[in-house]
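Student: I am sharing input.txt, which consists of compact mmCIF, N, CA and C atoms:
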```txt
# COMPACT_ATOMS: atom_id res chain seq x y z
N MET L 145 0.85 -1.19 0.00
CA MET L 145 0.00 0.00 0.00
C MET L 145 0.89 1.24 0.00
N MET L 146 0.68 2.11 -0.97
CA MET L 146 1.45 3.35 -1.06
C MET L 146 0.75 4.45 -0.24
N HIS L 147 1.56 5.26 0.38
CA HIS L 147 1.09 6.43 1.12
C HIS L 147 1.59 7.65 0.38
N GLU L 148 0.82 8.74 0.44
CA GLU L 148 1.27 9.93 -0.27
C GLU L 148 0.82 11.19 0.43
N ALA L 149 1.55 12.26 0.13
CA ALA L 149 1.22 13.59 0.62
C ALA L 149 1.54 14.58 -0.48
N VAL L 150 0.68 15.59 -0.61
CA VAL L 150 0.88 16.63 -1.62
C VAL L 150 0.79 17.98 -0.93
N PHE L 151 1.79 18.82 -1.17
CA PHE L 151 1.83 20.17 -0.60
C PHE L 151 1.94 21.17 -1.74
N THR L 152 1.11 22.21 -1.69
CA THR L 152 1.19 23.31 -2.64
C THR L 152 1.62 24.55 -1.88
N PHE L 153 2.66 25.20 -2.39
CA PHE L 153 3.22 26.39 -1.74
C PHE L 153 2.95 27.61 -2.62
N GLN L 154 2.44 28.65 -2.00
CA GLN L 154 2.18 29.92 -2.68
C GLN L 154 3.20 30.94 -2.19
N THR L 155 4.03 31.44 -3.08
CA THR L 155 5.00 32.47 -2.72
C THR L 155 5.45 33.19 -3.98
N LYS L 156 5.78 34.45 -3.85
CA LYS L 156 6.25 35.19 -5.02
C LYS L 156 7.60 34.67 -5.51
N ASP L 157 8.29 33.87 -4.70
CA ASP L 157 9.58 33.29 -5.06
C ASP L 157 9.46 31.82 -5.50
N ALA L 158 8.28 31.42 -5.91
CA ALA L 158 8.04 30.01 -6.27
C ALA L 158 8.98 29.52 -7.36
N GLY L 159 9.24 30.34 -8.35
CA GLY L 159 10.10 29.92 -9.45
C GLY L 159 11.52 29.60 -9.00
N ILE L 160 12.07 30.46 -8.15
CA ILE L 160 13.42 30.27 -7.65
C ILE L 160 13.49 29.03 -6.75
N ILE L 161 12.53 28.91 -5.86
CA ILE L 161 12.53 27.78 -4.92
C ILE L 161 12.33 26.47 -5.67
N ALA L 162 11.36 26.44 -6.57
CA ALA L 162 11.11 25.21 -7.34
C ALA L 162 12.34 24.84 -8.16
N ALA L 163 12.99 25.83 -8.77
CA ALA L 163 14.18 25.56 -9.58
C ALA L 163 15.30 24.93 -8.74
N SER L 164 15.37 25.29 -7.47
CA SER L 164 16.40 24.71 -6.62
C SER L 164 16.04 23.30 -6.14
N LEU L 165 14.75 22.99 -6.11
CA LEU L 165 14.31 21.67 -5.63
C LEU L 165 14.14 20.64 -6.74
N ILE L 166 13.80 21.08 -7.93
CA ILE L 166 13.53 20.15 -9.03
C ILE L 166 14.69 19.21 -9.31
N PRO L 167 15.95 19.68 -9.33
CA PRO L 167 17.05 18.72 -9.56
C PRO L 167 17.12 17.61 -8.51
N GLU L 168 16.73 17.93 -7.29
CA GLU L 168 16.72 16.92 -6.22
C GLU L 168 15.64 15.87 -6.47
N SER L 169 14.56 16.28 -7.11
CA SER L 169 13.45 15.35 -7.33
C SER L 169 13.54 14.66 -8.69
N ASP L 170 14.51 15.05 -9.50
CA ASP L 170 14.63 14.46 -10.84
C ASP L 170 15.35 13.12 -10.86
N THR L 171 15.55 12.52 -9.72
CA THR L 171 16.18 11.21 -9.68
C THR L 171 15.12 10.14 -9.84
N GLU L 172 15.52 9.00 -10.34
CA GLU L 172 14.57 7.89 -10.49
C GLU L 172 14.13 7.41 -9.11
N GLU L 173 13.00 6.75 -9.10
CA GLU L 173 12.47 6.21 -7.85
C GLU L 173 13.49 5.27 -7.22
N MET L 174 13.84 5.58 -5.99
CA MET L 174 14.83 4.77 -5.28
C MET L 174 14.34 4.56 -3.84
N GLY L 175 14.70 3.47 -3.27
CA GLY L 175 14.38 3.25 -1.88
C GLY L 175 12.89 3.12 -1.61
N ARG L 176 12.51 3.60 -0.43
CA ARG L 176 11.13 3.44 0.01
C ARG L 176 10.26 4.65 -0.24
N SER L 177 10.85 5.75 -0.74
CA SER L 177 10.05 6.94 -0.99
C SER L 177 10.49 7.63 -2.28
N TYR L 178 9.62 8.51 -2.77
CA TYR L 178 9.86 9.22 -4.01
C TYR L 178 9.18 10.58 -3.91
N CYS L 179 9.84 11.61 -4.43
CA CYS L 179 9.24 12.95 -4.43
C CYS L 179 9.37 13.58 -5.80
N GLU L 180 8.33 14.30 -6.18
CA GLU L 180 8.35 15.06 -7.42
C GLU L 180 7.98 16.50 -7.10
N CYS L 181 8.81 17.42 -7.55
CA CYS L 181 8.56 18.85 -7.37
C CYS L 181 8.17 19.43 -8.72
N THR L 182 7.09 20.22 -8.74
CA THR L 182 6.58 20.78 -9.99
C THR L 182 6.25 22.25 -9.79
N LYS L 183 6.73 23.08 -10.71
CA LYS L 183 6.34 24.50 -10.71
C LYS L 183 4.96 24.59 -11.36
N ILE L 184 4.01 25.14 -10.65
CA ILE L 184 2.64 25.26 -11.14
C ILE L 184 2.45 26.59 -11.88
N SER L 185 2.98 27.66 -11.29
CA SER L 185 2.88 28.99 -11.88
C SER L 185 4.04 29.82 -11.34
N ASP L 186 4.06 31.11 -11.67
CA ASP L 186 5.11 31.99 -11.17
C ASP L 186 5.03 32.17 -9.66
N THR L 187 3.87 31.85 -9.09
CA THR L 187 3.69 32.06 -7.65
C THR L 187 3.34 30.78 -6.89
N ALA L 188 3.45 29.62 -7.53
CA ALA L 188 3.09 28.38 -6.84
C ALA L 188 3.92 27.20 -7.34
N PHE L 189 4.24 26.32 -6.40
CA PHE L 189 4.87 25.05 -6.75
C PHE L 189 4.33 23.97 -5.83
N GLU L 190 4.54 22.73 -6.23
CA GLU L 190 3.96 21.60 -5.50
C GLU L 190 5.03 20.52 -5.30
N ILE L 191 4.97 19.89 -4.14
CA ILE L 191 5.76 18.68 -3.93
C ILE L 191 4.79 17.53 -3.67
N HIS L 192 5.04 16.43 -4.35
CA HIS L 192 4.21 15.23 -4.25
C HIS L 192 5.12 14.11 -3.77
N ILE L 193 4.85 13.61 -2.59
CA ILE L 193 5.69 12.59 -1.96
C ILE L 193 4.91 11.29 -1.88
N GLN L 194 5.56 10.19 -2.30
CA GLN L 194 4.98 8.85 -2.18
C GLN L 194 5.95 7.98 -1.40
N ALA L 195 5.41 7.09 -0.59
CA ALA L 195 6.25 6.20 0.19
C ALA L 195 5.55 4.85 0.38
N GLN L 196 6.37 3.83 0.56
CA GLN L 196 5.84 2.48 0.73
C GLN L 196 5.20 2.27 2.09
N ASP L 197 5.65 3.01 3.10
CA ASP L 197 5.10 2.85 4.46
C ASP L 197 5.11 4.20 5.17
N LEU L 198 4.44 4.26 6.30
CA LEU L 198 4.31 5.53 7.02
C LEU L 198 5.63 6.04 7.56
N ILE L 199 6.51 5.16 7.95
CA ILE L 199 7.82 5.58 8.46
C ILE L 199 8.62 6.27 7.35
N ALA L 200 8.61 5.69 6.17
CA ALA L 200 9.31 6.30 5.03
C ALA L 200 8.64 7.62 4.64
N LEU L 201 7.32 7.70 4.72
CA LEU L 201 6.61 8.93 4.41
C LEU L 201 7.01 10.03 5.38
N ARG L 202 7.04 9.72 6.66
CA ARG L 202 7.45 10.71 7.66
C ARG L 202 8.86 11.20 7.40
N ALA L 203 9.78 10.30 7.11
CA ALA L 203 11.16 10.68 6.85
C ALA L 203 11.26 11.57 5.60
N ALA L 204 10.53 11.20 4.55
CA ALA L 204 10.55 11.99 3.33
C ALA L 204 9.93 13.36 3.55
N LEU L 205 8.85 13.42 4.31
CA LEU L 205 8.22 14.70 4.62
C LEU L 205 9.19 15.60 5.37
N ASN L 206 9.88 15.06 6.37
CA ASN L 206 10.86 15.84 7.11
C ASN L 206 11.93 16.39 6.18
N THR L 207 12.43 15.56 5.30
CA THR L 207 13.48 15.97 4.37
C THR L 207 12.99 17.06 3.42
N TRP L 208 11.88 16.83 2.74
CA TRP L 208 11.42 17.76 1.72
C TRP L 208 10.89 19.06 2.28
N LEU L 209 10.19 19.01 3.40
CA LEU L 209 9.72 20.26 4.01
C LEU L 209 10.90 21.09 4.51
N ARG L 210 11.93 20.42 5.00
CA ARG L 210 13.14 21.14 5.42
C ARG L 210 13.86 21.75 4.21
N LEU L 211 13.92 21.03 3.09
CA LEU L 211 14.54 21.58 1.88
C LEU L 211 13.79 22.82 1.40
N VAL L 212 12.47 22.80 1.47
CA VAL L 212 11.68 23.98 1.10
C VAL L 212 12.01 25.14 2.04
N GLN L 213 12.09 24.85 3.32
CA GLN L 213 12.39 25.90 4.30
C GLN L 213 13.78 26.50 4.05
N ILE L 214 14.76 25.66 3.81
CA ILE L 214 16.12 26.14 3.56
C ILE L 214 16.16 26.99 2.29
N ALA L 215 15.51 26.54 1.23
CA ALA L 215 15.48 27.30 -0.02
C ALA L 215 14.85 28.68 0.20
N GLU L 216 13.76 28.73 0.93
CA GLU L 216 13.10 30.00 1.23
C GLU L 216 14.03 30.91 2.05
N GLU L 217 14.70 30.35 3.04
CA GLU L 217 15.62 31.13 3.86
C GLU L 217 16.78 31.68 3.02
N MET L 218 17.27 30.89 2.08
CA MET L 218 18.37 31.35 1.23
C MET L 218 17.92 32.46 0.30
N VAL L 219 16.71 32.37 -0.23
CA VAL L 219 16.18 33.45 -1.07
C VAL L 219 16.10 34.74 -0.26
N GLN L 220 15.57 34.66 0.94
CA GLN L 220 15.44 35.84 1.79
C GLN L 220 16.81 36.40 2.18
N THR L 221 17.76 35.52 2.48
CA THR L 221 19.11 35.95 2.86
C THR L 221 19.79 36.68 1.71
N THR L 222 19.67 36.14 0.50
CA THR L 222 20.31 36.79 -0.64
C THR L 222 19.63 38.11 -0.99
N LYS L 223 18.34 38.22 -0.78
CA LYS L 223 17.65 39.48 -1.00
C LYS L 223 18.16 40.55 -0.02
N LYS L 224 18.29 40.15 1.26
CA LYS L 224 18.78 41.09 2.28
C LYS L 224 20.22 41.49 1.99
N ALA L 225 21.05 40.52 1.62
CA ALA L 225 22.45 40.81 1.33
C ALA L 225 22.57 41.75 0.14
N GLY L 226 21.72 41.60 -0.84
CA GLY L 226 21.73 42.47 -2.01
C GLY L 226 21.36 43.90 -1.68
N THR L 227 20.48 44.12 -0.73
CA THR L 227 20.05 45.47 -0.40
C THR L 227 21.00 46.15 0.56
N THR L 228 21.72 45.41 1.40
CA THR L 228 22.61 46.04 2.37
C THR L 228 23.95 46.41 1.76
N ASN L 229 24.32 45.82 0.63
CA ASN L 229 25.59 46.13 -0.02
C ASN L 229 25.51 47.35 -0.92
N GLU L 230 24.37 47.92 -1.11
CA GLU L 230 24.21 49.06 -2.02
C GLU L 230 24.42 50.35 -1.29
```
Would you mind writing the file's structure down as structure tokens?

Tutor:
Amino acid sequence: MMHEAVFTFQTKDAGIIAASLIPESDTEEMGRSYCECTKISDTAFEIHIQAQDLIALRAALNTWLRLVQIAEEMVQTTKKAGTTNE
């Protein structure tokens, strides 16, 4: 039995964040879980996670939600750095 979770993120930086995550999700299905990241529009992207069991789903959710958080933090950090150097 496969388990799955789908998250849609709305942000003005969706293109940048999705572009940083898509290479991570472009690997073939391996192990007990699989994730696909898709840019929906300029302001939205989606991650779709599938796993063979709940333990693998939890682990994949932790990983992918953290990757989204890190990408968002890096976008904000680079924006701040760009404005303080001027």

Student: Could you check which residues have any atom within 6.5 Å of (1.9, 2.9, -2.4), counting only N, CA and C atoms with coordinates taken straight from the file, and then list them as a PyMOL selection string?

Tutor: chain L and resi 145-147+195-196

Student: Could you tell me how far atom CA of L:Ala225 lies from atom CA of L:Gln213, in Å and to one decimal?

Tutor: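 According to the coordinates, atom CA of L:Ala225 and atom CA of L:Gln213 are separated by 18.2 Å.
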
Student: Take atom N of L:Ala162 and atom N of L:Trp208 and report the distance between them in Å, one decimal.

Tutor: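 Distance between the two atoms: 13.4 Å.
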
Student: Calculated over only N, CA and C atoms, which of the candidates L:Gln194, L:Ser185, L:Thr207, L:Ser177 has the smallest distance to L:Gly159?

Tutor: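 Using only N, CA and C atoms, the shortest distance to L:Gly159 belongs to L:Ser185.
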
Student: Which one is closest to L:Gln154: L:Val212, L:Ile199, L:Ile166, L:Met218? Count only C-alpha atoms.

Tutor: L:Val212

Student: Quote the spacing between atom C of L:Pro167 and atom CA of L:Leu211 in Å to one decimal place.

Tutor: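 Atom-to-atom, atom C of L:Pro167 to atom CA of L:Leu211, that is 11.4 Å.
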
Student: Identify, with DSSP run on backbone atoms, the residues in chain L assigned to strand (DSSP E), and express the list as a PyMOL selection string.

Tutor: chain L and resi 147-154+177-185+188-195

Student: Please, which residues of stretch 145-226 of chain L, numbered as in this document, come out alpha helix (DSSP H) from DSSP, as number ranges by chain?

Tutor: L: 158-169, 198-226

Student: With distances taken over only C-alpha atoms, which of L:Ala188, L:Ala158, L:Ala200, L:Ala149 is nearest to L:Glu216?

Tutor: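 Nearest candidate to L:Glu216 out of L:Ala188, L:Ala158, L:Ala200, L:Ala149: L:Ala158.
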
Student: Would you pick out the contacts of L:His192 at 6 Å or less, using all atoms listed in the file, so that residues sharing its chain but fewer than 2 positions from it are not included, and give the list as a compact mmCIF listing (two decimals) with N, CA and C atoms, keeping the file's coordinate frame?

Tutor:
```txt
# COMPACT_ATOMS: atom_id res chain seq x y z
N ALA L 149 1.55 12.26 0.13
CA ALA L 149 1.22 13.59 0.62
C ALA L 149 1.54 14.58 -0.48
N VAL L 150 0.68 15.59 -0.61
CA VAL L 150 0.88 16.63 -1.62
C VAL L 150 0.79 17.98 -0.93
N PHE L 151 1.79 18.82 -1.17
CA PHE L 151 1.83 20.17 -0.60
C PHE L 151 1.94 21.17 -1.74
N TYR L 178 9.62 8.51 -2.77
CA TYR L 178 9.86 9.22 -4.01
C TYR L 178 9.18 10.58 -3.91
N CYS L 179 9.84 11.61 -4.43
CA CYS L 179 9.24 12.95 -4.43
C CYS L 179 9.37 13.58 -5.80
N GLU L 180 8.33 14.30 -6.18
CA GLU L 180 8.35 15.06 -7.42
C GLU L 180 7.98 16.50 -7.10
N CYS L 181 8.81 17.42 -7.55
CA CYS L 181 8.56 18.85 -7.37
C CYS L 181 8.17 19.43 -8.72
N GLU L 190 4.54 22.73 -6.23
CA GLU L 190 3.96 21.60 -5.50
C GLU L 190 5.03 20.52 -5.30
N GLN L 194 5.56 10.19 -2.30
CA GLN L 194 4.98 8.85 -2.18
C GLN L 194 5.95 7.98 -1.40
```
